[in-house]
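A short write-up of the structure that comes next.
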Amino acid sequence: EGKLPGRTAIPAMEGSEPGRGGMRRFTWEEIGQRSGRGPAPQERWLVIDRKVYDISHFCRRHPGGSRVISHYAGQDATDPFIAFHLDKALVRKYMSPLLIGELAPDQPSFEPSKNKKLVEDFRELRATVEKMGLLQPNHAFFFLYLCHILVLDVAAWLIIWYFGASLVPFLFSAVLLGTVQAQAGWLQHDFGHLSVFSKSRWNHWVHKFVIGHLKGAPASWWNHLHFQHHAKPNCFRKDPDVNMHPLFFALGKTLSVELGVQKKKFMPYNHQHKYFFIIGPPALVPLYFQWYIFYFVVQRKQWVDLAWMMSFYIRFFLTYLPFLGVKGTLGLHLLVRFIESNWFVWVTQMNHIPMHIDYDKNVDWFSTQLQATCNVHQSFFNDWFSGHLNFQIEHHLFPTMPRHNYWKVAPLVKSLCAKHGIEYQCKPLLTAFADIVHSLKDSGELWLDAYLHK
């Protein structure tokens, strides 16, 4: 029972007897074995509110992507389910065909290895957040934010139109357009996380416009990568944001030592804090993202995303070609991507690279997010410059929360951290930038020591 066609089911263990109404009952030991790991074919089960769901086939049709839901196979997924979905009642209707049973009465509601009191306290915090209305967006905030992006975009063109294509107007326009790209990146992030409108489809529609027409990137690509990152931040082989390990960087103390013990050397990691300045901030967007996104949409046949992307490039070249010519327009575009890349990498990595990086240990949602994220001090500039990602901890705990409410929930999160002895890291902006380099230097030295002596 609980076996899907074409799947090799693991024999049921003691405790998986039928309950009332014929509902099968399972133990955490049984569920833990349906993680999808091991020789194919493998079953994938997960638990939400004590209900056991077989996602072995559904994961391929999951709207958020097959990988993000599979990362919780064999685990309790109650907290991420609540965190990621707006209309939970609707989603549960689609989940009903996947229901194969429930936890046995003698089984806890989540894995016995997790901190029971911490899980309960966080769920109480989540209920408090909902009662306080902190998940409700201020539409005027996002409208004005979009307007400021559009004003900067128009101003960049007016400078070239009025002052001509000499060096100073060209560079000033590039800085404004780089700012547009960075700020549109933070805005598309809001829509991608469904934090602007109450209806998911409205967020998806505007998301395609902002990331596609204003930035020239595909929404499907962002969704595919970013939701995995939120589900399992800094978990190697589950968070795509740490996939630079081990090909380019040795990340985290544990993984760096492991790499050294295995005598693996894809790069001179003991110098990674130096070459980060070459292949990191300057190169990520213009030399990698810029080209990979086209491969992504064509390979996956995301033609709507491709159309939105092309609308950006057509608009950009029609706007600047008459003033700058082909070479000048291409040069402007490359310079804008260079500015955007530096801005994007420093801001997005300051919250994660210096933090704990390891394999997935299946700890509770609150601990998973706190050990992988840190904050940067609040100020008007820091909020604007980082798109409120200086509140990375609150954003990771409540990914659908509108960013203008992060500061309101922060004291409650700090209080919960203090109660359970969990470090809540918050630092100045420049310190956060420096910590990226320091952490790369430290992990590189750990790798070298293990490589030479262990």
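Every chain in the structure tokens has a letter given in the order shown (A, B, ...), and although residue numbers restart at 1 in each chain, ligands are simply numbered from 1 in the order shown.
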Give me, as a Markdown table, each residue of stretch 19-69 of chain A that comes within 7 Å of stretch 101-106 of chain A, together with its shortest interatomic pair and the distance in Å at one decimal, counting only C-alpha atoms, with rows ordered by chain and rising residue number.
```
| residue | atom | partner | partner_atom | distance |
| --- | --- | --- | --- | --- |
| A:Met23 | CA | A:Gly101 | CA | 5.1 |
| A:Arg24 | CA | A:Gly101 | CA | 4.4 |
| A:Arg25 | CA | A:Ala104 | CA | 4.7 |
| A:Phe26 | CA | A:Leu103 | CA | 4.9 |
| A:Thr27 | CA | A:Leu103 | CA | 6.1 |
| A:Arg50 | CA | A:Leu103 | CA | 5.4 |
| A:Lys51 | CA | A:Glu102 | CA | 4.3 |
| A:Val52 | CA | A:Glu102 | CA | 5.0 |
```
For stretch 290-299 of chain A, find every residue with an atom within 12 Å (counting only C-alpha atoms), except residues of its own chain fewer than 3 positions away, and show them as an NGL selection string. :A and (211-212 or 215-222 or 224-225 or 283-287 or 302-310 or 313 or 333-334 or 336-338 or 340-341)
Dump N, CA and C atoms for the selected residues as a compact mmCIF listing (two decimals), in the first residue's frame?
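Result saved to part-v3.txt:
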```txt
# COMPACT_ATOMS: atom_id res chain seq x y z
N ILE A 211 10.71 41.35 -14.01
CA ILE A 211 11.97 40.65 -14.26
C ILE A 211 12.22 40.48 -15.76
N GLY A 212 11.14 40.37 -16.54
CA GLY A 212 11.30 40.16 -17.98
C GLY A 212 11.52 41.45 -18.74
N LYS A 215 14.20 43.89 -16.71
CA LYS A 215 15.54 43.34 -16.46
C LYS A 215 16.06 42.41 -17.55
N GLY A 216 15.16 41.85 -18.36
CA GLY A 216 15.60 40.95 -19.41
C GLY A 216 15.97 39.57 -18.92
N ALA A 217 15.30 39.10 -17.86
CA ALA A 217 15.58 37.77 -17.30
C ALA A 217 14.27 36.99 -17.18
N PRO A 218 14.34 35.66 -17.12
CA PRO A 218 13.12 34.84 -17.07
C PRO A 218 12.65 34.58 -15.64
N ALA A 219 11.35 34.74 -15.41
CA ALA A 219 10.77 34.46 -14.10
C ALA A 219 10.93 32.99 -13.74
N SER A 220 10.80 32.10 -14.72
CA SER A 220 10.89 30.66 -14.44
C SER A 220 12.26 30.28 -13.91
N TRP A 221 13.30 30.91 -14.44
CA TRP A 221 14.67 30.64 -13.99
C TRP A 221 14.84 31.09 -12.54
N TRP A 222 14.35 32.29 -12.22
CA TRP A 222 14.46 32.80 -10.86
C TRP A 222 13.71 31.90 -9.89
N HIS A 224 12.95 28.75 -10.19
CA HIS A 224 13.61 27.44 -10.11
C HIS A 224 14.76 27.48 -9.10
N LEU A 225 15.54 28.53 -9.12
CA LEU A 225 16.71 28.61 -8.25
C LEU A 225 16.37 29.15 -6.85
N ALA A 283 31.96 39.51 -12.47
CA ALA A 283 31.75 38.60 -13.60
C ALA A 283 30.44 37.84 -13.58
N LEU A 284 29.79 37.70 -12.43
CA LEU A 284 28.66 36.79 -12.33
C LEU A 284 27.55 37.10 -13.32
N VAL A 285 27.11 38.36 -13.36
CA VAL A 285 26.00 38.71 -14.25
C VAL A 285 26.43 38.82 -15.71
N PRO A 286 27.47 39.62 -16.05
CA PRO A 286 27.80 39.78 -17.48
C PRO A 286 28.40 38.55 -18.13
N LEU A 287 29.13 37.73 -17.39
CA LEU A 287 29.82 36.59 -18.00
C LEU A 287 29.12 35.25 -17.79
N GLN A 302 10.45 27.78 -22.33
CA GLN A 302 9.71 28.84 -21.63
C GLN A 302 9.56 30.03 -22.57
N TRP A 303 8.68 29.87 -23.55
CA TRP A 303 8.58 30.86 -24.63
C TRP A 303 7.98 32.18 -24.17
N VAL A 304 7.08 32.15 -23.20
CA VAL A 304 6.51 33.40 -22.68
C VAL A 304 7.60 34.22 -22.00
N ASP A 305 8.42 33.55 -21.21
CA ASP A 305 9.54 34.24 -20.56
C ASP A 305 10.50 34.81 -21.60
N LEU A 306 10.75 34.04 -22.64
CA LEU A 306 11.66 34.50 -23.69
C LEU A 306 11.10 35.76 -24.37
N ALA A 307 9.79 35.78 -24.59
CA ALA A 307 9.17 36.95 -25.22
C ALA A 307 9.33 38.19 -24.33
N TRP A 308 9.10 38.03 -23.02
CA TRP A 308 9.29 39.14 -22.10
C TRP A 308 10.74 39.61 -22.11
N MET A 309 11.68 38.67 -22.12
CA MET A 309 13.10 39.02 -22.15
C MET A 309 13.45 39.81 -23.41
N MET A 310 12.95 39.35 -24.54
CA MET A 310 13.25 40.02 -25.80
C MET A 310 12.66 41.42 -25.84
N TYR A 313 15.30 43.72 -24.44
CA TYR A 313 16.44 43.99 -25.32
C TYR A 313 16.03 44.84 -26.53
N HIS A 333 25.39 48.50 -22.43
CA HIS A 333 24.73 47.35 -21.83
C HIS A 333 25.70 46.53 -20.98
N LEU A 334 26.90 46.31 -21.47
CA LEU A 334 27.90 45.55 -20.72
C LEU A 334 28.29 46.28 -19.44
N VAL A 336 26.45 48.43 -17.76
CA VAL A 336 25.31 48.35 -16.85
C VAL A 336 25.27 47.01 -16.14
N ARG A 337 25.51 45.93 -16.89
CA ARG A 337 25.53 44.61 -16.28
C ARG A 337 26.68 44.47 -15.29
N PHE A 338 27.81 45.11 -15.58
CA PHE A 338 28.95 45.09 -14.67
C PHE A 338 28.61 45.78 -13.35
N GLU A 340 25.54 46.31 -12.15
CA GLU A 340 24.51 45.50 -11.51
C GLU A 340 25.12 44.29 -10.82
N SER A 341 26.08 43.64 -11.48
CA SER A 341 26.69 42.42 -10.95
C SER A 341 27.39 42.67 -9.63
```
Could you pull out all residues of stretch 209-291 of chain A with a DSSP call of alpha helix (DSSP H) and give them as a PyMOL selection string? chain A and resi 219-231+253-261+272-279+290-291
Near stretch 375-380 of chain A, 12 Å: stretch 321-350 of chain A residue rows, closest pairs, only C-alpha atoms, as a Markdown table:
```
| residue | atom | partner | partner_atom | distance |
| --- | --- | --- | --- | --- |
| A:Val347 | CA | A:Val376 | CA | 10.0 |
| A:Thr348 | CA | A:Asn375 | CA | 11.3 |
| A:Gln349 | CA | A:Asn375 | CA | 11.5 |
| A:Met350 | CA | A:Val376 | CA | 8.7 |
```
Counting only C-alpha atoms, which residue out of A:Val363, A:Leu429, A:Ala165, A:Ala77 sits closest to A:Gly325?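 Of A:Val363, A:Leu429, A:Ala165, A:Ala77, the one nearest A:Gly325 is A:Ala165, counting only C-alpha atoms.
With only C-alpha atoms as the basis for measurement, A:Val129 is the residue among A:Ile278, A:Val91, A:Val345, A:Val129 that approaches A:Phe398 most closely.
Checking A:Cys374, A:Leu416, A:Ala73, A:Ala231 one by one against A:Tyr53, counting only C-alpha atoms, you find the shortest gap at A:Ala73.
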